[in-house]
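Read through the structure below, which is laid out as structure tokens, and then see the notes.
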Amino acid sequence: ARAPSPASVASYPQAVVDALYVHVPFCPSVCPYCDFHKMLRHEGLVARYLDRLEQEIAEAARLYPGPLTTVYLGGGTPSHLRDDELTRLLGAIDAAWGRESRLETTLEADPLTFDEERLASFAALGVDRVSLGLQSTQDDVLRYLGRLHDGASGTEAVTMAIRSPMRVNVDVMTSIEGQDLELDLRTVAGSGAKHVSVYSLTIEDNTPFGRLGYTVDEDLDAAAFELTSQVLAEYGLERYEVSNYAAPGHESRHNLGYWGGAYYLGLGPSASAYLPAHGPFGARVKQPPLKGWLAGAEPEIDVLDADSYVLERLLTGLRTRAGVDIAALSERSGAALQDTAAQWLSDATRHGLLLLDGDRLRATPTGIQRLDAVLRAYVGSRTLIGAISGS
């Protein structure tokens with residue numbers, strides 16, 4: 001199925017789509033742990049990518065005219081594009097939706113892909129937030145992860161970015177044998193970073209690490225989770241989502257939209273979107289990988305029903321400090337959690353994993369650490385909404 005027509009979009013309530021994700025699949029190198037859609041660049045392929053992306057942007061803007069509040073260029077390594085290529089990409093977005101109403105434009109960047117002059121060029125193109133893939137400040141860890149930069153060049157890039165007019169997020173990876181995680185965290189937070197994203201090393205089957213049978217020690221992972229929160233709190237960085245810490249006012253607006261259940265566009269190969277289409281709860285739309293995407297192949301479409309909508313809101317909302325407004329969730333889905341998951345709610349709150357404060361359901365610090373188990377228990381115990389409503 002193709003994307004919906006403007007008439008079908010207008011027939012659904014709350015159909016505002018004001019966020020855009022663009023996937024840039026090109027990287028300077030392919031890291032052995034990464035399972036995102038990515039590849040090494042060559043000039044002809046980048047040119048074809050930009051040609052197709054311009055067409056896709058124009059098509060999307062006709063269906064969803066905006067204006068856009070947030071734009072996020074992810075990958076891959078968007079900063080691996082040359083200046084003229086980034087100018088073309090962001091220029092197409094500006095031409096389609098304008099720039100005036102935008103509150104945040106984020107660019108993911110590799111430490112070796114910019115200097116002070118290039119940071120200034122990012123800002124001139126409208127980028128006001130850089131997400132820097134540092135991962136570690138330690139040479140042994142960086143070599144293990146297959147990164148091209150060393151600790152010194154990585155920390156220099158962080159310092160340089162922080163001196164720029166843009167806001168800065170720094171990615172740190174944890175749960176790696178031999179890593180001094182506290183050193184990494186204190187180096188990054190001590191540099192003045194106001195937003196740090198901290199992710200455990202995850203081994204996926206379709207990666208070189210997965211094919212080699214690498215594993216992550218569960219005890220090391222649990223210890224890293226606790227240490228991260230303790231150390232970053234000393235620098236005024238509060239956890240506002242499972243893996244994300246920020247000084248007040250420095251949270252990622254774009255990602256808050258994802259976690260809050262907002263609709264968003266996803267353009268480029270393998271990009272995902274959530275659109276107000278095909279039904280009252282919207283649809284998840286995933287673009288094909290590069291070859292099919294260049295050829296105009298149709299995306300995969302997963303239409304949400306009431307039960308899948310509630311599950312998704314719990315999956316994303318409970319990851320955040322804000323939690324989930326279960327009164328609003330009940331109104332939208334047509335059934336109350338107190339009816340569909342009464343025992344789960346009772347057990348999780350009684351065991352100190354969830355906290356129900358009025359209509360706001362949040363995960364406690366213990367619940368955040370055990371969130372996967374909490375959500376599995378929900379799936380195993382819920383009564384489907386159709387059974388409650390008799391439909």
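Convention: chains lettered A, B, ... in structure tokens order; per-chain residue numbering from 1; ligands numbered from 1 as shown.
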Legend entry - Shell of 9 Å around Tyr378 (chain A), only C-alpha atoms, local chain residues under 5 positions omitted, as a PyMOL selection string: chain A and resi 311+341+344-345+373
Inset, instruction - Apply DSSP to the structure's backbone, then extract all residues of region 106-286 of chain A labelled alpha helix (DSSP H) and return them as a PyMOL selection string. - result: chain A and resi 116-124+139-144+151-163+181-190+208-211+218-234+253-259
Could the residues in this selection be written to a file with C-alpha atoms, as a PDB file, in the first residue's frame?
```
ATOM      1  CA  GLU A 116      35.611  24.088  14.036  1.00  0.00           C
ATOM      2  CA  GLU A 117      35.028  25.455  10.540  1.00  0.00           C
ATOM      3  CA  ARG A 118      32.764  22.542   9.652  1.00  0.00           C
ATOM      4  CA  LEU A 119      30.793  22.897  12.884  1.00  0.00           C
ATOM      5  CA  ALA A 120      30.131  26.495  11.885  1.00  0.00           C
ATOM      6  CA  SER A 121      28.895  25.284   8.493  1.00  0.00           C
ATOM      7  CA  PHE A 122      26.506  22.850  10.215  1.00  0.00           C
ATOM      8  CA  ALA A 123      25.076  25.723  12.244  1.00  0.00           C
ATOM      9  CA  ALA A 124      24.714  27.892   9.131  1.00  0.00           C
ATOM     10  CA  ASP A 139      42.004   3.513  23.100  1.00  0.00           C
ATOM     11  CA  ASP A 140      41.700  -0.219  23.886  1.00  0.00           C
ATOM     12  CA  VAL A 141      37.918  -0.007  24.046  1.00  0.00           C
ATOM     13  CA  LEU A 142      37.716   2.004  20.835  1.00  0.00           C
ATOM     14  CA  ARG A 143      39.898  -0.515  18.991  1.00  0.00           C
ATOM     15  CA  TYR A 144      37.693  -3.362  20.255  1.00  0.00           C
ATOM     16  CA  GLY A 151      40.598   8.677  22.859  1.00  0.00           C
ATOM     17  CA  ALA A 152      42.453  11.930  22.327  1.00  0.00           C
ATOM     18  CA  SER A 153      40.766  12.821  19.029  1.00  0.00           C
ATOM     19  CA  GLY A 154      37.380  11.827  20.429  1.00  0.00           C
ATOM     20  CA  THR A 155      37.645  14.030  23.499  1.00  0.00           C
ATOM     21  CA  GLU A 156      39.007  16.877  21.372  1.00  0.00           C
ATOM     22  CA  ALA A 157      35.925  16.559  19.144  1.00  0.00           C
ATOM     23  CA  VAL A 158      33.634  16.726  22.183  1.00  0.00           C
ATOM     24  CA  THR A 159      35.368  19.867  23.448  1.00  0.00           C
ATOM     25  CA  MET A 160      35.232  21.461  20.021  1.00  0.00           C
ATOM     26  CA  ALA A 161      31.510  20.711  19.646  1.00  0.00           C
ATOM     27  CA  ILE A 162      30.720  22.093  23.103  1.00  0.00           C
ATOM     28  CA  ARG A 163      32.473  25.353  22.168  1.00  0.00           C
ATOM     29  CA  LEU A 181      33.254   3.207  32.602  1.00  0.00           C
ATOM     30  CA  GLU A 182      33.584   5.733  35.401  1.00  0.00           C
ATOM     31  CA  LEU A 183      36.541   7.321  33.602  1.00  0.00           C
ATOM     32  CA  ASP A 184      34.519   7.591  30.385  1.00  0.00           C
ATOM     33  CA  LEU A 185      31.514   9.107  32.138  1.00  0.00           C
ATOM     34  CA  ARG A 186      33.524  11.613  34.169  1.00  0.00           C
ATOM     35  CA  THR A 187      35.575  12.658  31.138  1.00  0.00           C
ATOM     36  CA  VAL A 188      32.448  13.315  29.084  1.00  0.00           C
ATOM     37  CA  ALA A 189      30.358  14.967  31.800  1.00  0.00           C
ATOM     38  CA  GLY A 190      33.360  16.944  33.048  1.00  0.00           C
ATOM     39  CA  PRO A 208      30.327  -9.465  12.998  1.00  0.00           C
ATOM     40  CA  PHE A 209      30.261  -9.620  16.819  1.00  0.00           C
ATOM     41  CA  GLY A 210      27.153 -11.788  16.674  1.00  0.00           C
ATOM     42  CA  ARG A 211      28.605 -14.168  14.105  1.00  0.00           C
ATOM     43  CA  GLU A 218      24.800  -9.575  32.607  1.00  0.00           C
ATOM     44  CA  ASP A 219      26.382  -8.673  35.937  1.00  0.00           C
ATOM     45  CA  LEU A 220      28.685  -6.155  34.239  1.00  0.00           C
ATOM     46  CA  ASP A 221      25.676  -4.701  32.440  1.00  0.00           C
ATOM     47  CA  ALA A 222      23.666  -4.304  35.664  1.00  0.00           C
ATOM     48  CA  ALA A 223      26.602  -2.677  37.446  1.00  0.00           C
ATOM     49  CA  ALA A 224      27.105  -0.275  34.539  1.00  0.00           C
ATOM     50  CA  PHE A 225      23.444   0.747  34.690  1.00  0.00           C
ATOM     51  CA  GLU A 226      23.700   1.717  38.361  1.00  0.00           C
ATOM     52  CA  LEU A 227      27.092   3.398  38.044  1.00  0.00           C
ATOM     53  CA  THR A 228      25.962   5.550  35.116  1.00  0.00           C
ATOM     54  CA  SER A 229      23.076   7.078  37.029  1.00  0.00           C
ATOM     55  CA  GLN A 230      25.218   7.738  40.123  1.00  0.00           C
ATOM     56  CA  VAL A 231      28.092   9.401  38.266  1.00  0.00           C
ATOM     57  CA  LEU A 232      26.071  11.555  35.878  1.00  0.00           C
ATOM     58  CA  ALA A 233      23.862  12.811  38.724  1.00  0.00           C
ATOM     59  CA  GLU A 234      26.975  14.391  40.253  1.00  0.00           C
ATOM     60  CA  ARG A 253      12.769  17.343  21.711  1.00  0.00           C
ATOM     61  CA  HIS A 254      12.717  14.953  18.760  1.00  0.00           C
ATOM     62  CA  ASN A 255      13.170  11.814  20.836  1.00  0.00           C
ATOM     63  CA  LEU A 256      10.635  12.994  23.410  1.00  0.00           C
ATOM     64  CA  GLY A 257       8.131  12.933  20.546  1.00  0.00           C
ATOM     65  CA  TYR A 258       8.929   9.273  19.818  1.00  0.00           C
ATOM     66  CA  TRP A 259       8.578   8.282  23.451  1.00  0.00           C
TER      67      TRP A 259
END
```
Inset, instruction - Could you check which of A:Arg382, A:His351, A:Arg370, A:Arg147 is closest to Cys27 (chain A), using only C-alpha atoms? - result: A:Arg147
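Residue nearest Leu314 (chain A), chosen from A:Asp347, A:Asp115, A:Glu300, A:Asp372 and counting only C-alpha atoms: A:Asp372.
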Leaving out region 242-252 of chain A and any residue of its chain fewer than 2 positions from it, which residues lie within 8 Å of it when counting only C-alpha atoms, given as a compact mmCIF listing (two decimals) with all heavy atoms, in the first residue's frame?
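Contents of the output file out-v3.txt:
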```txt
# COMPACT_ATOMS: atom_id res chain seq x y z
N ARG A 167 23.81 22.80 20.62
CA ARG A 167 23.72 21.88 21.74
C ARG A 167 24.38 20.57 21.34
O ARG A 167 24.44 20.23 20.15
CB ARG A 167 22.27 21.64 22.13
CG ARG A 167 21.61 22.87 22.75
CD ARG A 167 20.23 22.56 23.27
NE ARG A 167 19.68 23.70 24.00
CZ ARG A 167 18.53 23.67 24.65
NH1 ARG A 167 17.80 22.57 24.65
NH2 ARG A 167 18.11 24.74 25.31
N LYS A 194 25.91 18.61 28.19
CA LYS A 194 24.64 18.75 28.90
C LYS A 194 23.67 17.63 28.57
O LYS A 194 22.57 17.58 29.13
CB LYS A 194 23.99 20.10 28.55
CG LYS A 194 24.84 21.31 28.93
CD LYS A 194 25.10 21.37 30.42
CE LYS A 194 25.88 22.64 30.79
NZ LYS A 194 26.23 22.65 32.23
N HIS A 195 24.04 16.75 27.66
CA HIS A 195 23.21 15.60 27.31
C HIS A 195 24.13 14.44 26.99
O HIS A 195 25.04 14.57 26.17
CB HIS A 195 22.32 15.93 26.11
CG HIS A 195 21.24 14.91 25.84
ND1 HIS A 195 21.52 13.61 25.48
CD2 HIS A 195 19.89 15.00 25.91
CE1 HIS A 195 20.37 12.96 25.32
NE2 HIS A 195 19.38 13.78 25.57
N VAL A 196 23.90 13.31 27.65
CA VAL A 196 24.70 12.11 27.41
C VAL A 196 23.75 10.93 27.21
O VAL A 196 22.83 10.72 28.01
CB VAL A 196 25.65 11.81 28.59
CG1 VAL A 196 26.51 10.58 28.28
CG2 VAL A 196 26.54 13.02 28.88
N SER A 197 23.94 10.20 26.12
CA SER A 197 23.18 8.98 25.87
C SER A 197 24.09 7.80 26.15
O SER A 197 25.20 7.72 25.61
CB SER A 197 22.69 8.93 24.42
OG SER A 197 21.81 10.00 24.15
N VAL A 198 23.64 6.89 27.00
CA VAL A 198 24.48 5.79 27.48
C VAL A 198 23.80 4.47 27.13
O VAL A 198 22.73 4.15 27.65
CB VAL A 198 24.71 5.89 29.00
CG1 VAL A 198 25.67 4.81 29.45
CG2 VAL A 198 25.26 7.26 29.36
N TYR A 199 24.42 3.71 26.23
CA TYR A 199 23.83 2.48 25.73
C TYR A 199 24.72 1.29 26.06
O TYR A 199 25.94 1.35 25.88
CB TYR A 199 23.66 2.55 24.21
CG TYR A 199 22.82 3.71 23.74
CD1 TYR A 199 23.41 4.84 23.15
CD2 TYR A 199 21.44 3.69 23.89
CE1 TYR A 199 22.65 5.90 22.72
CE2 TYR A 199 20.66 4.76 23.45
CZ TYR A 199 21.26 5.86 22.87
OH TYR A 199 20.50 6.91 22.45
N LEU A 232 26.59 10.42 36.63
CA LEU A 232 26.07 11.55 35.88
C LEU A 232 25.24 12.49 36.75
O LEU A 232 25.19 13.71 36.50
CB LEU A 232 25.27 11.06 34.67
CG LEU A 232 26.09 10.35 33.60
CD1 LEU A 232 25.22 9.96 32.42
CD2 LEU A 232 27.27 11.19 33.13
N GLY A 236 24.83 16.98 37.47
CA GLY A 236 23.55 17.62 37.19
C GLY A 236 22.81 17.05 36.00
O GLY A 236 21.87 17.69 35.49
N LEU A 237 23.20 15.85 35.55
CA LEU A 237 22.53 15.21 34.42
C LEU A 237 21.54 14.18 34.95
O LEU A 237 21.93 13.20 35.59
CB LEU A 237 23.54 14.54 33.50
CG LEU A 237 24.65 15.45 32.93
CD1 LEU A 237 25.57 14.67 32.02
CD2 LEU A 237 24.04 16.63 32.18
N GLU A 238 20.27 14.41 34.70
CA GLU A 238 19.21 13.55 35.22
C GLU A 238 18.73 12.58 34.15
O GLU A 238 18.60 12.95 32.98
CB GLU A 238 18.02 14.41 35.69
CG GLU A 238 18.38 15.45 36.73
CD GLU A 238 17.23 16.38 37.02
OE1 GLU A 238 16.12 16.14 36.51
OE2 GLU A 238 17.45 17.36 37.76
N ARG A 239 18.46 11.35 34.57
CA ARG A 239 17.89 10.39 33.62
C ARG A 239 16.44 10.80 33.32
O ARG A 239 15.61 10.89 34.21
CB ARG A 239 17.91 8.98 34.19
CG ARG A 239 17.22 7.98 33.25
CD ARG A 239 17.03 6.61 33.86
NE ARG A 239 18.25 5.84 33.82
CZ ARG A 239 18.78 5.22 34.87
NH1 ARG A 239 18.20 5.33 36.06
NH2 ARG A 239 19.89 4.52 34.75
N TYR A 240 16.15 11.06 32.04
CA TYR A 240 14.77 11.35 31.67
C TYR A 240 14.20 10.27 30.75
O TYR A 240 13.03 10.29 30.40
CB TYR A 240 14.65 12.74 31.02
CG TYR A 240 15.23 12.88 29.63
CD1 TYR A 240 14.41 12.85 28.50
CD2 TYR A 240 16.60 13.07 29.43
CE1 TYR A 240 14.92 13.01 27.23
CE2 TYR A 240 17.13 13.23 28.16
CZ TYR A 240 16.28 13.19 27.06
OH TYR A 240 16.79 13.34 25.79
N HIS A 254 13.12 15.93 19.77
CA HIS A 254 12.72 14.95 18.76
C HIS A 254 12.44 13.59 19.40
O HIS A 254 11.40 12.98 19.15
CB HIS A 254 13.82 14.83 17.70
CG HIS A 254 13.43 13.96 16.54
ND1 HIS A 254 12.70 14.44 15.47
CD2 HIS A 254 13.65 12.64 16.30
CE1 HIS A 254 12.50 13.44 14.61
NE2 HIS A 254 13.07 12.36 15.09
N ASN A 255 13.36 13.13 20.23
CA ASN A 255 13.17 11.81 20.84
C ASN A 255 12.04 11.81 21.85
O ASN A 255 11.35 10.78 22.02
CB ASN A 255 14.48 11.36 21.49
CG ASN A 255 15.52 10.98 20.46
OD1 ASN A 255 15.19 10.68 19.31
ND2 ASN A 255 16.79 11.01 20.84
N LEU A 256 11.79 12.92 22.52
CA LEU A 256 10.63 12.99 23.41
C LEU A 256 9.34 12.76 22.63
O LEU A 256 8.38 12.18 23.17
CB LEU A 256 10.59 14.36 24.11
CG LEU A 256 11.55 14.52 25.30
CD1 LEU A 256 11.57 15.99 25.75
CD2 LEU A 256 11.15 13.62 26.46
N ARG A 319 9.54 4.05 29.63
CA ARG A 319 10.99 4.26 29.58
C ARG A 319 11.36 5.66 30.07
O ARG A 319 12.52 5.93 30.35
CB ARG A 319 11.50 4.10 28.14
CG ARG A 319 11.42 2.69 27.60
CD ARG A 319 11.91 2.64 26.14
NE ARG A 319 13.29 3.07 26.02
CZ ARG A 319 14.35 2.27 26.10
NH1 ARG A 319 14.16 0.97 26.32
NH2 ARG A 319 15.56 2.75 25.97
N THR A 320 10.38 6.56 30.14
CA THR A 320 10.67 7.96 30.40
C THR A 320 10.31 8.37 31.82
O THR A 320 9.48 7.75 32.48
CB THR A 320 9.89 8.86 29.43
OG1 THR A 320 8.49 8.77 29.73
CG2 THR A 320 10.13 8.46 27.99
N ILE A 368 12.64 0.71 36.25
CA ILE A 368 13.40 1.08 35.06
C ILE A 368 14.46 0.01 34.76
O ILE A 368 14.66 -0.40 33.61
CB ILE A 368 14.08 2.45 35.26
CG1 ILE A 368 13.04 3.58 35.12
CG2 ILE A 368 15.22 2.66 34.28
CD1 ILE A 368 12.65 3.91 33.70
```
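Of the listed residues A:Ala92, A:Tyr274, A:Glu100, A:Asp302, the one whose atoms come nearest to Gln55 (chain A) is A:Ala92, with distances taken using only C-alpha atoms.
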Legend entry - Top pick for closest residue to Pro280 (chain A), considering A:Val130, A:Val71, A:Leu304, A:Ile57 and counting only C-alpha atoms: A:Leu304
Legend entry - Surrounding residues of His23 (chain A) excluding itself and chain neighbours under 6 positions, 10 Å, only C-alpha atoms, as a PyMOL selection string: chain A and resi 37-38+53+72-78+266-272
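Across the model, the gap from CA of Tyr264 (chain A) to CA of Pro67 (chain A) is 12.0 Å.
In the backbone-derived DSSP annotation, strand (DSSP E or B) within region 71-168 of chain A comprises A:Val71, A:Tyr72, A:Leu73, A:Gly74, A:Gly75, A:Glu104, A:Thr105, A:Thr106, A:Leu107, A:Glu108, A:Ala109, A:Arg129, A:Val130, A:Ser131, A:Leu132, A:Gly133, A:Leu134, A:Gln135, A:Arg167, A:Val168.
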Those same residues - C-alpha atoms - I'd like them written as a CSV table (one decimal), in the first residue's frame.
```csv
chain,number,residue,atom,x,y,z
A,71,VAL,CA,14.3,17.3,12.2
A,72,TYR,CA,16.7,14.5,13.0
A,73,LEU,CA,19.4,13.3,10.5
A,74,GLY,CA,20.6,9.9,11.7
A,75,GLY,CA,22.4,6.9,10.3
A,104,GLU,CA,15.4,21.6,16.8
A,105,THR,CA,17.5,20.2,14.0
A,106,THR,CA,19.8,17.3,15.0
A,107,LEU,CA,22.8,15.9,13.1
A,108,GLU,CA,24.5,12.7,14.1
A,109,ALA,CA,28.3,13.1,13.7
A,129,ARG,CA,22.1,20.0,17.9
A,130,VAL,CA,24.9,17.6,17.2
A,131,SER,CA,24.8,14.0,18.5
A,132,LEU,CA,28.4,12.8,18.7
A,133,GLY,CA,29.2,9.1,18.5
A,134,LEU,CA,32.1,9.0,20.9
A,135,GLN,CA,31.4,5.6,22.6
A,167,ARG,CA,23.7,21.9,21.7
A,168,VAL,CA,25.7,18.6,22.1
```
Inset, instruction - Would you mind telling me which residue in A:Ser308, A:Thr364, A:Ser381, A:Gln287 lies nearest to Thr340 (chain A) when using only C-alpha atoms? - result: A:Ser381
Inset, instruction - Would you please work out which residue, of A:Gly126, A:Leu112, A:Arg52, A:Leu354, is nearest to Leu86 (chain A) when using only C-alpha atoms? - result: A:Gly126
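As for CA of Asp359 (chain A) and CA of Ala322 (chain A), they are spaced 11.6 Å apart.
A straight line drawn from CA of His42 (chain A) to CA of Ser136 (chain A) is 28.2 Å long.
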Inset, instruction - Tell me, as a VMD selection string, which residues lie within 6 Å of Arg102 (chain A), counting only C-alpha atoms; anything in the same chain fewer than 3 positions away does not count. - result: chain A and resid 68 to 70 99
Output for the residues just chosen: N, CA and C atoms as a PDB file, in the first residue's frame:
```pdb
ATOM      1  N   LEU A  68       7.211  21.689  10.340  1.00  0.00           N
ATOM      2  CA  LEU A  68       7.954  20.759  11.172  1.00  0.00           C
ATOM      3  C   LEU A  68       8.481  21.460  12.423  1.00  0.00           C
ATOM      4  N   THR A  69       8.410  20.732  13.529  1.00  0.00           N
ATOM      5  CA  THR A  69       8.981  21.220  14.787  1.00  0.00           C
ATOM      6  C   THR A  69      10.392  20.698  14.996  1.00  0.00           C
ATOM      7  N   THR A  70      10.616  19.422  14.636  1.00  0.00           N
ATOM      8  CA  THR A  70      11.951  18.825  14.793  1.00  0.00           C
ATOM      9  C   THR A  70      12.348  18.060  13.547  1.00  0.00           C
ATOM     10  N   ARG A  99      11.993  26.700   7.478  1.00  0.00           N
ATOM     11  CA  ARG A  99      12.851  26.502   8.638  1.00  0.00           C
ATOM     12  C   ARG A  99      12.375  27.298   9.856  1.00  0.00           C
TER      13      ARG A  99
END
```
